[in-house]
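Structure file work-v8.pdb (PDB, C-alpha atoms) follows.
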MODEL        1
ATOM      1  CA  MET A  15      44.077  41.686 -13.414
ATOM      2  CA  LEU A  16      42.727  40.385 -10.132
ATOM      3  CA  LYS A  17      42.279  42.969  -7.395
ATOM      4  CA  SER A  18      39.998  40.978  -5.139
ATOM      5  CA  GLU A  19      41.147  40.375  -1.573
ATOM      6  CA  LYS A  20      38.934  37.303  -1.710
ATOM      7  CA  TYR A  21      41.301  35.780  -4.254
ATOM      8  CA  ALA A  22      44.297  36.285  -1.962
ATOM      9  CA  GLU A  23      42.365  34.668   0.871
ATOM     10  CA  PHE A  24      41.334  31.872  -1.484
ATOM     11  CA  LEU A  25      44.973  31.120  -2.385
ATOM     12  CA  LYS A  26      46.087  31.392   1.223
ATOM     13  CA  GLU A  27      43.533  28.824   2.295
ATOM     14  CA  ILE A  28      44.489  26.422  -0.499
ATOM     15  CA  ARG A  29      48.157  26.652   0.495
ATOM     16  CA  SER A  30      47.260  25.870   4.109
ATOM     17  CA  LEU A  31      45.165  22.784   3.331
ATOM     18  CA  PRO A  32      46.321  19.685   5.208
ATOM     19  CA  ASP A  33      48.040  16.990   3.202
ATOM     20  CA  GLU A  34      45.071  14.651   3.350
ATOM     21  CA  GLU A  35      43.261  12.774   0.593
ATOM     22  CA  ASP A  36      39.954  14.661   0.716
ATOM     23  CA  SER A  37      41.140  18.119   1.777
ATOM     24  CA  LEU A  38      40.933  19.629  -1.721
ATOM     25  CA  LYS A  39      37.526  18.003  -2.313
ATOM     26  CA  ASP A  40      36.210  19.492   0.932
ATOM     27  CA  PHE A  41      37.582  22.888  -0.095
ATOM     28  CA  CYS A  42      35.896  22.556  -3.508
ATOM     29  CA  ARG A  43      32.558  21.762  -1.910
ATOM     30  CA  ARG A  44      32.798  24.604   0.625
ATOM     31  CA  LYS A  45      34.001  27.350  -1.701
ATOM     32  CA  ILE A  46      32.939  26.469  -5.246
ATOM     33  CA  ILE A  47      29.737  24.453  -4.863
ATOM     34  CA  HIS A  48      28.135  25.188  -1.493
ATOM     35  CA  GLY A  49      26.725  28.480  -0.229
ATOM     36  CA  THR A  50      25.245  31.731  -1.495
ATOM     37  CA  PRO A  51      27.055  33.089  -4.575
ATOM     38  CA  TYR A  52      28.969  36.369  -4.502
ATOM     39  CA  ILE A  53      26.394  38.078  -6.735
ATOM     40  CA  PHE A  54      23.570  37.214  -4.324
ATOM     41  CA  MET A  55      25.390  37.821  -1.055
ATOM     42  CA  GLN A  56      22.924  39.186   1.527
ATOM     43  CA  ARG A  57      20.190  38.633  -1.074
ATOM     44  CA  GLU A  58      19.125  35.074  -0.350
ATOM     45  CA  ASP A  59      15.495  35.618  -1.393
ATOM     46  CA  ASP A  60      16.583  36.989  -4.776
ATOM     47  CA  TYR A  61      18.855  33.979  -5.168
ATOM     48  CA  TYR A  62      15.953  31.646  -4.480
ATOM     49  CA  TYR A  63      13.711  33.314  -7.060
ATOM     50  CA  PHE A  64      16.540  33.341  -9.613
ATOM     51  CA  LEU A  65      16.888  29.573  -9.221
ATOM     52  CA  LYS A  66      13.131  29.014  -9.122
ATOM     53  CA  GLN A  67      12.503  30.512 -12.559
ATOM     54  CA  ILE A  68      14.972  28.031 -14.076
ATOM     55  CA  ALA A  69      13.645  25.140 -11.998
ATOM     56  CA  VAL A  70      10.075  25.815 -13.121
ATOM     57  CA  LYS A  71      11.103  26.127 -16.769
ATOM     58  CA  TYR A  72      12.916  22.774 -16.849
ATOM     59  CA  GLU A  73      10.862  21.009 -14.169
ATOM     60  CA  ILE A  74      13.782  20.249 -11.878
ATOM     61  CA  PRO A  75      14.381  20.878  -8.142
ATOM     62  CA  PHE A  76      15.716  24.378  -7.487
ATOM     63  CA  ASN A  77      18.525  22.904  -5.368
ATOM     64  CA  SER A  78      19.798  21.106  -8.482
ATOM     65  CA  ILE A  79      20.844  24.474  -9.914
ATOM     66  CA  HIS A  80      24.079  26.252  -9.017
ATOM     67  CA  ILE A  81      25.956  29.377  -9.996
ATOM     68  CA  SER A  82      29.602  28.725 -10.770
ATOM     69  CA  GLY A  83      32.619  30.699 -11.966
ATOM     70  CA  SER A  84      33.253  34.290 -10.959
ATOM     71  CA  GLY A  85      29.584  34.852 -10.134
ATOM     72  CA  LYS A  86      30.007  32.340  -7.314
ATOM     73  CA  LEU A  87      33.371  33.443  -5.953
ATOM     74  CA  GLY A  88      33.600  37.095  -7.005
ATOM     75  CA  PHE A  89      36.613  36.274  -9.186
ATOM     76  CA  SER A  90      37.800  33.707 -11.692
ATOM     77  CA  PHE A  91      40.906  31.826 -10.633
ATOM     78  CA  ILE A  92      41.077  30.394 -14.155
ATOM     79  CA  LYS A  93      40.842  33.653 -16.142
ATOM     80  CA  LYS A  94      42.494  35.667 -13.339
ATOM     81  CA  THR A  95      39.772  38.325 -13.455
ATOM     82  CA  ASP A  96      37.361  39.826 -10.954
ATOM     83  CA  PHE A  97      33.619  39.555 -11.454
ATOM     84  CA  SER A  98      32.408  42.695 -13.249
ATOM     85  CA  LEU A  99      29.603  44.068 -15.413
ATOM     86  CA  ASN A 100      31.316  42.367 -18.354
ATOM     87  CA  SER A 101      31.064  38.966 -16.662
ATOM     88  CA  ASP A 102      28.447  36.327 -17.388
ATOM     89  CA  ILE A 103      26.439  34.519 -14.753
ATOM     90  CA  ASP A 104      27.297  30.867 -15.362
ATOM     91  CA  VAL A 105      24.494  28.530 -14.347
ATOM     92  CA  THR A 106      25.008  24.835 -13.731
ATOM     93  CA  ILE A 107      21.927  22.627 -14.062
ATOM     94  CA  ILE A 108      22.258  19.113 -12.648
ATOM     95  CA  SER A 109      19.653  16.850 -14.215
ATOM     96  CA  ALA A 110      20.070  13.361 -15.620
ATOM     97  CA  ASN A 111      16.689  13.622 -17.361
ATOM     98  CA  LEU A 112      17.502  16.890 -19.119
ATOM     99  CA  PHE A 113      20.989  15.639 -19.985
ATOM    100  CA  ASP A 114      19.571  12.473 -21.554
ATOM    101  CA  LYS A 115      16.868  14.411 -23.407
ATOM    102  CA  ILE A 116      19.459  16.633 -25.055
ATOM    103  CA  MET A 117      21.826  13.754 -25.786
ATOM    104  CA  ASP A 118      19.015  11.836 -27.494
ATOM    105  CA  MET A 119      18.699  14.751 -29.911
ATOM    106  CA  VAL A 120      22.443  14.857 -30.354
ATOM    107  CA  GLY A 121      22.370  11.132 -31.126
ATOM    108  CA  ASP A 122      19.884  11.738 -33.934
ATOM    109  CA  PHE A 123      22.125  14.511 -35.220
ATOM    110  CA  GLN A 124      25.147  12.190 -35.136
ATOM    111  CA  ILE A 125      23.272   9.607 -37.202
ATOM    112  CA  SER A 126      22.517  12.283 -39.796
ATOM    113  CA  LEU A 127      26.217  13.166 -39.896
ATOM    114  CA  ARG A 128      27.182   9.537 -40.457
ATOM    115  CA  GLN A 129      24.622   9.262 -43.240
ATOM    116  CA  SER A 130      26.083  12.427 -44.790
ATOM    117  CA  SER A 131      22.692  14.120 -44.826
ATOM    118  CA  ILE A 132      24.179  16.980 -42.756
ATOM    119  CA  TYR A 133      27.553  18.633 -43.310
ATOM    120  CA  LEU A 134      29.589  20.817 -40.966
ATOM    121  CA  THR A 135      32.135  23.469 -41.802
ATOM    122  CA  GLU A 136      35.635  23.079 -40.365
ATOM    123  CA  SER A 137      34.956  25.557 -37.559
ATOM    124  CA  GLN A 138      31.647  23.824 -36.758
ATOM    125  CA  GLN A 139      33.428  20.469 -36.609
ATOM    126  CA  THR A 140      35.991  21.860 -34.159
ATOM    127  CA  LYS A 141      33.291  23.159 -31.801
ATOM    128  CA  TYR A 142      31.276  19.961 -32.145
ATOM    129  CA  PHE A 143      34.294  17.816 -31.214
ATOM    130  CA  ASP A 144      34.832  20.067 -28.183
ATOM    131  CA  PHE A 145      31.184  19.514 -27.280
ATOM    132  CA  LEU A 146      31.667  15.737 -27.463
ATOM    133  CA  LYS A 147      34.720  15.958 -25.187
ATOM    134  CA  TYR A 148      32.741  17.830 -22.541
ATOM    135  CA  SER A 149      29.696  15.569 -22.857
ATOM    136  CA  ALA A 150      31.962  12.540 -22.320
ATOM    137  CA  MET A 151      32.673  14.065 -18.885
ATOM    138  CA  GLY A 152      28.955  14.443 -18.242
ATOM    139  CA  TRP A 153      28.678  18.155 -19.135
ATOM    140  CA  ILE A 154      26.549  19.533 -21.965
ATOM    141  CA  ARG A 155      27.605  22.941 -23.259
ATOM    142  CA  PRO A 156      24.929  24.064 -25.743
ATOM    143  CA  ASP A 157      27.126  26.955 -26.910
ATOM    144  CA  LEU A 158      29.472  24.438 -28.562
ATOM    145  CA  LEU A 159      26.810  22.728 -30.656
ATOM    146  CA  PRO A 160      26.219  23.695 -34.298
ATOM    147  CA  LYS A 161      22.898  25.483 -34.760
ATOM    148  CA  LYS A 162      21.635  22.699 -36.997
ATOM    149  CA  SER A 163      22.274  20.053 -34.320
ATOM    150  CA  TYR A 164      18.991  20.416 -32.451
ATOM    151  CA  PRO A 165      15.424  20.436 -33.615
ATOM    152  CA  SER A 166      15.148  24.175 -34.211
ATOM    153  CA  GLU A 167      12.359  24.650 -31.662
ATOM    154  CA  PHE A 168      14.396  23.237 -28.769
ATOM    155  CA  ARG A 169      17.571  25.189 -29.503
ATOM    156  CA  LYS A 170      15.665  28.439 -30.000
ATOM    157  CA  GLU A 171      13.730  27.883 -26.786
ATOM    158  CA  TRP A 172      16.932  27.248 -24.781
ATOM    159  CA  PHE A 173      18.722  30.431 -25.813
ATOM    160  CA  ASP A 174      15.547  32.523 -25.867
ATOM    161  CA  PHE A 175      14.818  31.524 -22.266
ATOM    162  CA  PHE A 176      18.256  32.436 -20.928
ATOM    163  CA  ARG A 177      18.179  35.696 -22.862
ATOM    164  CA  SER A 178      14.806  36.392 -21.237
ATOM    165  CA  ILE A 179      16.374  36.248 -17.750
ATOM    166  CA  SER A 180      19.488  38.233 -18.720
ATOM    167  CA  TYR A 181      20.445  41.913 -18.543
ATOM    168  CA  ASP A 182      17.440  44.140 -17.689
ATOM    169  CA  ASN A 183      15.388  41.071 -16.796
ATOM    170  CA  CYS A 184      18.046  39.479 -14.595
ATOM    171  CA  ILE A 185      17.246  39.354 -10.882
ATOM    172  CA  ALA A 186      20.966  39.523 -10.080
ATOM    173  CA  GLY A 187      21.638  42.677 -12.097
ATOM    174  CA  ASN A 188      22.563  43.714 -15.623
ATOM    175  CA  TYR A 189      24.300  40.468 -16.619
ATOM    176  CA  LYS A 190      24.112  37.869 -19.360
ATOM    177  CA  VAL A 191      22.997  34.456 -18.067
ATOM    178  CA  THR A 192      24.402  31.301 -19.661
ATOM    179  CA  ALA A 193      23.870  27.670 -18.708
ATOM    180  CA  GLY A 194      25.104  24.126 -19.128
ATOM    181  CA  VAL A 195      23.803  20.766 -17.956
ATOM    182  CA  PHE A 196      25.648  18.162 -15.893
ATOM    183  CA  LYS A 197      24.405  14.584 -15.852
ATOM    184  CA  SER A 198      25.005  14.227 -12.105
ATOM    185  CA  TYR A 199      26.348  16.017  -9.058
ATOM    186  CA  GLU A 200      29.383  13.718  -9.200
ATOM    187  CA  CYS A 201      30.201  14.924 -12.729
ATOM    188  CA  PHE A 202      29.901  18.547 -11.605
ATOM    189  CA  GLU A 203      32.150  17.970  -8.616
ATOM    190  CA  LYS A 204      34.772  16.104 -10.633
ATOM    191  CA  TYR A 205      34.922  18.852 -13.235
ATOM    192  CA  SER A 206      35.174  21.544 -10.556
ATOM    193  CA  LEU A 207      38.077  19.654  -8.992
ATOM    194  CA  ILE A 208      39.946  19.613 -12.311
ATOM    195  CA  GLY A 209      40.252  23.405 -12.218
ATOM    196  CA  LEU A 210      41.437  23.385  -8.617
ATOM    197  CA  ASP A 211      43.982  20.669  -9.357
ATOM    198  CA  LYS A 212      45.443  22.790 -12.170
ATOM    199  CA  LEU A 213      45.611  25.801  -9.863
ATOM    200  CA  THR A 214      47.365  23.945  -7.048
ATOM    201  CA  ILE A 215      49.954  22.540  -9.457
ATOM    202  CA  LYS A 216      50.911  26.098 -10.462
ATOM    203  CA  LEU A 217      51.083  27.435  -6.907
ATOM    204  CA  PRO A 218      54.590  28.106  -5.533
TER     205      PRO A 218
ENDMDL
END
Could I get this structure in the form of structure tokens?
Amino acid sequence: MLKSEKYAEFLKEIRSLPDEEDSLKDFCRRKIIHGTPYIFMQREDDYYYFLKQIAVKYEIPFNSIHISGSGKLGFSFIKKTDFSLNSDIDVTIISANLFDKIMDMVGDFQISLRQSSIYLTESQQTKYFDFLKYSAMGWIRPDLLPKKSYPSEFRKEWFDFFRSISYDNCIAGNYKVTAGVFKSYECFEKYSLIGLDKLTIKLP
């Protein structure tokens, strides 16, 4: 159950948005994408070094990395929960090069599926189809891919790295860090707007 006053303020501001074409997009940029995340409030240097370790690992600009979800706002308007010690830090990486690199591997995996040299269980197929739906919107979610889908070294390296900056090793605190990759900023913004659109539809 949400207790955060920030959530009430968040809803109040959405309700007061002017009836203009770009008002919700501006709100999305201001609140969900732009600015220092809740978990790093008044800790801008820590936030920089948190981003830098990911940027160095994947050779991308640190300003192409964002924290989203409850770690950004202090609450989840989708799950209706406050950020807590049980919450993950959700990292968004925006990189066309990294996106394409991963999708090239997925393409090889898809060829193996078509040639029937790899088989998936029913539950693996369900997650893989979900992965394809997200990737069609320009978002790679590695957690939805079957373990056998990547060259083992790449998949192991991905999850090992984010485990290495989680919990006791996390600059933000004792949290699990997870990550996904968007092909472009536009894809990230469009997906973020989907959640806000759903919320505004439900508002009285």
Give me the stretch 87-168 of chain A side of the contact with stretch 38-61 of chain A, cut-off 9 Å, one line per residue showing its nearest atom pair and distance in Å at one decimal, counting all atoms listed in the file, sorted by chain and residue number, as JSON lines.
{"residue": "A:Leu87", "atom": "CA", "partner": "A:Tyr52", "partner_atom": "CA", "distance": 5.5}
{"residue": "A:Gly88", "atom": "CA", "partner": "A:Tyr52", "partner_atom": "CA", "distance": 5.3}
{"residue": "A:Phe89", "atom": "CA", "partner": "A:Tyr52", "partner_atom": "CA", "distance": 9.0}
{"residue": "A:Phe97", "atom": "CA", "partner": "A:Ile53", "partner_atom": "CA", "distance": 8.8}
{"residue": "A:Ile103", "atom": "CA", "partner": "A:Ile53", "partner_atom": "CA", "distance": 8.8}
Calculated over all atoms listed in the file, which of the candidates A:Asp96, A:Tyr205, A:Gly187, A:Tyr142 has the smallest distance to A:Glu19?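 Ranking A:Asp96, A:Tyr205, A:Gly187, A:Tyr142 by distance to A:Glu19, first place goes to A:Asp96.
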Output check: residues returned by the PyMOL selection byres ((chain A and resi 69) around 12), as a list in words: Tyr62, Tyr63, Phe64, Leu65, Lys66, Gln67, Ile68, Val70, Lys71, Tyr72, Glu73, Ile74, Pro75, Phe76, Asn77, Ser78, Ile79, His80, Val105, Thr106, Ile107, Ile108, Ser109 and Leu112 of chain A
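Across the structure, atom CA of A:Asp122 and atom CA of A:Leu134 are spaced 15.0 Å apart.
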What is the atom CA of A:Gly83-atom CA of A:Gln139 distance in Å, reported with one decimal?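 Between atom CA of A:Gly83 and atom CA of A:Gln139 the gap works out to 26.7 Å.
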Have a look at A:Leu146, A:Glu203, A:Ser131, A:Asp102 and name the one nearest to A:Cys184; count all atoms listed in the file.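 Selected residue with least distance to A:Cys184: A:Asp102.
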Regenerate stretch 114-136 of chain A at the level of N, CA and C atoms and dump it as a PDB file, keeping the file's coordinate frame.
ATOM      1  N   ASP A 114      19.909  13.562 -20.631  1.00  0.00           N
ATOM      2  CA  ASP A 114      19.571  12.473 -21.554  1.00  0.00           C
ATOM      3  C   ASP A 114      18.670  12.957 -22.685  1.00  0.00           C
ATOM      4  N   LYS A 115      17.758  13.870 -22.380  1.00  0.00           N
ATOM      5  CA  LYS A 115      16.868  14.411 -23.407  1.00  0.00           C
ATOM      6  C   LYS A 115      17.675  15.114 -24.496  1.00  0.00           C
ATOM      7  N   ILE A 116      18.634  15.920 -24.084  1.00  0.00           N
ATOM      8  CA  ILE A 116      19.459  16.633 -25.055  1.00  0.00           C
ATOM      9  C   ILE A 116      20.343  15.666 -25.831  1.00  0.00           C
ATOM     10  N   MET A 117      20.930  14.693 -25.117  1.00  0.00           N
ATOM     11  CA  MET A 117      21.826  13.754 -25.786  1.00  0.00           C
ATOM     12  C   MET A 117      21.081  12.856 -26.768  1.00  0.00           C
ATOM     13  N   ASP A 118      19.805  12.591 -26.520  1.00  0.00           N
ATOM     14  CA  ASP A 118      19.015  11.836 -27.494  1.00  0.00           C
ATOM     15  C   ASP A 118      18.922  12.610 -28.803  1.00  0.00           C
ATOM     16  N   MET A 119      18.747  13.917 -28.712  1.00  0.00           N
ATOM     17  CA  MET A 119      18.699  14.751 -29.911  1.00  0.00           C
ATOM     18  C   MET A 119      20.056  14.795 -30.602  1.00  0.00           C
ATOM     19  N   VAL A 120      21.101  14.859 -29.790  1.00  0.00           N
ATOM     20  CA  VAL A 120      22.443  14.857 -30.354  1.00  0.00           C
ATOM     21  C   VAL A 120      22.723  13.525 -31.053  1.00  0.00           C
ATOM     22  N   GLY A 121      22.205  12.438 -30.485  1.00  0.00           N
ATOM     23  CA  GLY A 121      22.370  11.132 -31.126  1.00  0.00           C
ATOM     24  C   GLY A 121      21.730  11.087 -32.499  1.00  0.00           C
ATOM     25  N   ASP A 122      20.538  11.668 -32.623  1.00  0.00           N
ATOM     26  CA  ASP A 122      19.884  11.738 -33.934  1.00  0.00           C
ATOM     27  C   ASP A 122      20.714  12.572 -34.906  1.00  0.00           C
ATOM     28  N   PHE A 123      21.273  13.654 -34.393  1.00  0.00           N
ATOM     29  CA  PHE A 123      22.125  14.511 -35.220  1.00  0.00           C
ATOM     30  C   PHE A 123      23.361  13.756 -35.694  1.00  0.00           C
ATOM     31  N   GLN A 124      23.952  12.955 -34.784  1.00  0.00           N
ATOM     32  CA  GLN A 124      25.147  12.190 -35.136  1.00  0.00           C
ATOM     33  C   GLN A 124      24.842  11.161 -36.224  1.00  0.00           C
ATOM     34  N   ILE A 125      23.670  10.559 -36.157  1.00  0.00           N
ATOM     35  CA  ILE A 125      23.272   9.607 -37.202  1.00  0.00           C
ATOM     36  C   ILE A 125      23.181  10.314 -38.551  1.00  0.00           C
ATOM     37  N   SER A 126      22.612  11.512 -38.550  1.00  0.00           N
ATOM     38  CA  SER A 126      22.517  12.283 -39.796  1.00  0.00           C
ATOM     39  C   SER A 126      23.897  12.618 -40.342  1.00  0.00           C
ATOM     40  N   LEU A 127      24.839  12.904 -39.447  1.00  0.00           N
ATOM     41  CA  LEU A 127      26.217  13.166 -39.896  1.00  0.00           C
ATOM     42  C   LEU A 127      26.822  11.926 -40.548  1.00  0.00           C
ATOM     43  N   ARG A 128      26.631  10.785 -39.919  1.00  0.00           N
ATOM     44  CA  ARG A 128      27.182   9.537 -40.457  1.00  0.00           C
ATOM     45  C   ARG A 128      26.559   9.189 -41.803  1.00  0.00           C
ATOM     46  N   GLN A 129      25.304   9.552 -41.982  1.00  0.00           N
ATOM     47  CA  GLN A 129      24.622   9.262 -43.240  1.00  0.00           C
ATOM     48  C   GLN A 129      24.882  10.339 -44.289  1.00  0.00           C
ATOM     49  N   SER A 130      25.702  11.327 -43.885  1.00  0.00           N
ATOM     50  CA  SER A 130      26.083  12.427 -44.790  1.00  0.00           C
ATOM     51  C   SER A 130      24.891  13.239 -45.277  1.00  0.00           C
ATOM     52  N   SER A 131      23.831  13.269 -44.474  1.00  0.00           N
ATOM     53  CA  SER A 131      22.692  14.120 -44.826  1.00  0.00           C
ATOM     54  C   SER A 131      22.840  15.508 -44.223  1.00  0.00           C
ATOM     55  N   ILE A 132      23.835  15.679 -43.323  1.00  0.00           N
ATOM     56  CA  ILE A 132      24.179  16.980 -42.756  1.00  0.00           C
ATOM     57  C   ILE A 132      25.689  17.148 -42.858  1.00  0.00           C
ATOM     58  N   TYR A 133      26.124  18.348 -43.206  1.00  0.00           N
ATOM     59  CA  TYR A 133      27.553  18.633 -43.310  1.00  0.00           C
ATOM     60  C   TYR A 133      27.911  19.809 -42.401  1.00  0.00           C
ATOM     61  N   LEU A 134      29.103  19.750 -41.824  1.00  0.00           N
ATOM     62  CA  LEU A 134      29.589  20.817 -40.966  1.00  0.00           C
ATOM     63  C   LEU A 134      30.808  21.474 -41.594  1.00  0.00           C
ATOM     64  N   THR A 135      30.923  22.777 -41.390  1.00  0.00           N
ATOM     65  CA  THR A 135      32.135  23.469 -41.802  1.00  0.00           C
ATOM     66  C   THR A 135      33.270  23.062 -40.867  1.00  0.00           C
ATOM     67  N   GLU A 136      34.480  23.441 -41.201  1.00  0.00           N
ATOM     68  CA  GLU A 136      35.635  23.079 -40.365  1.00  0.00           C
ATOM     69  C   GLU A 136      35.517  23.669 -38.965  1.00  0.00           C
TER      70      GLU A 136
END
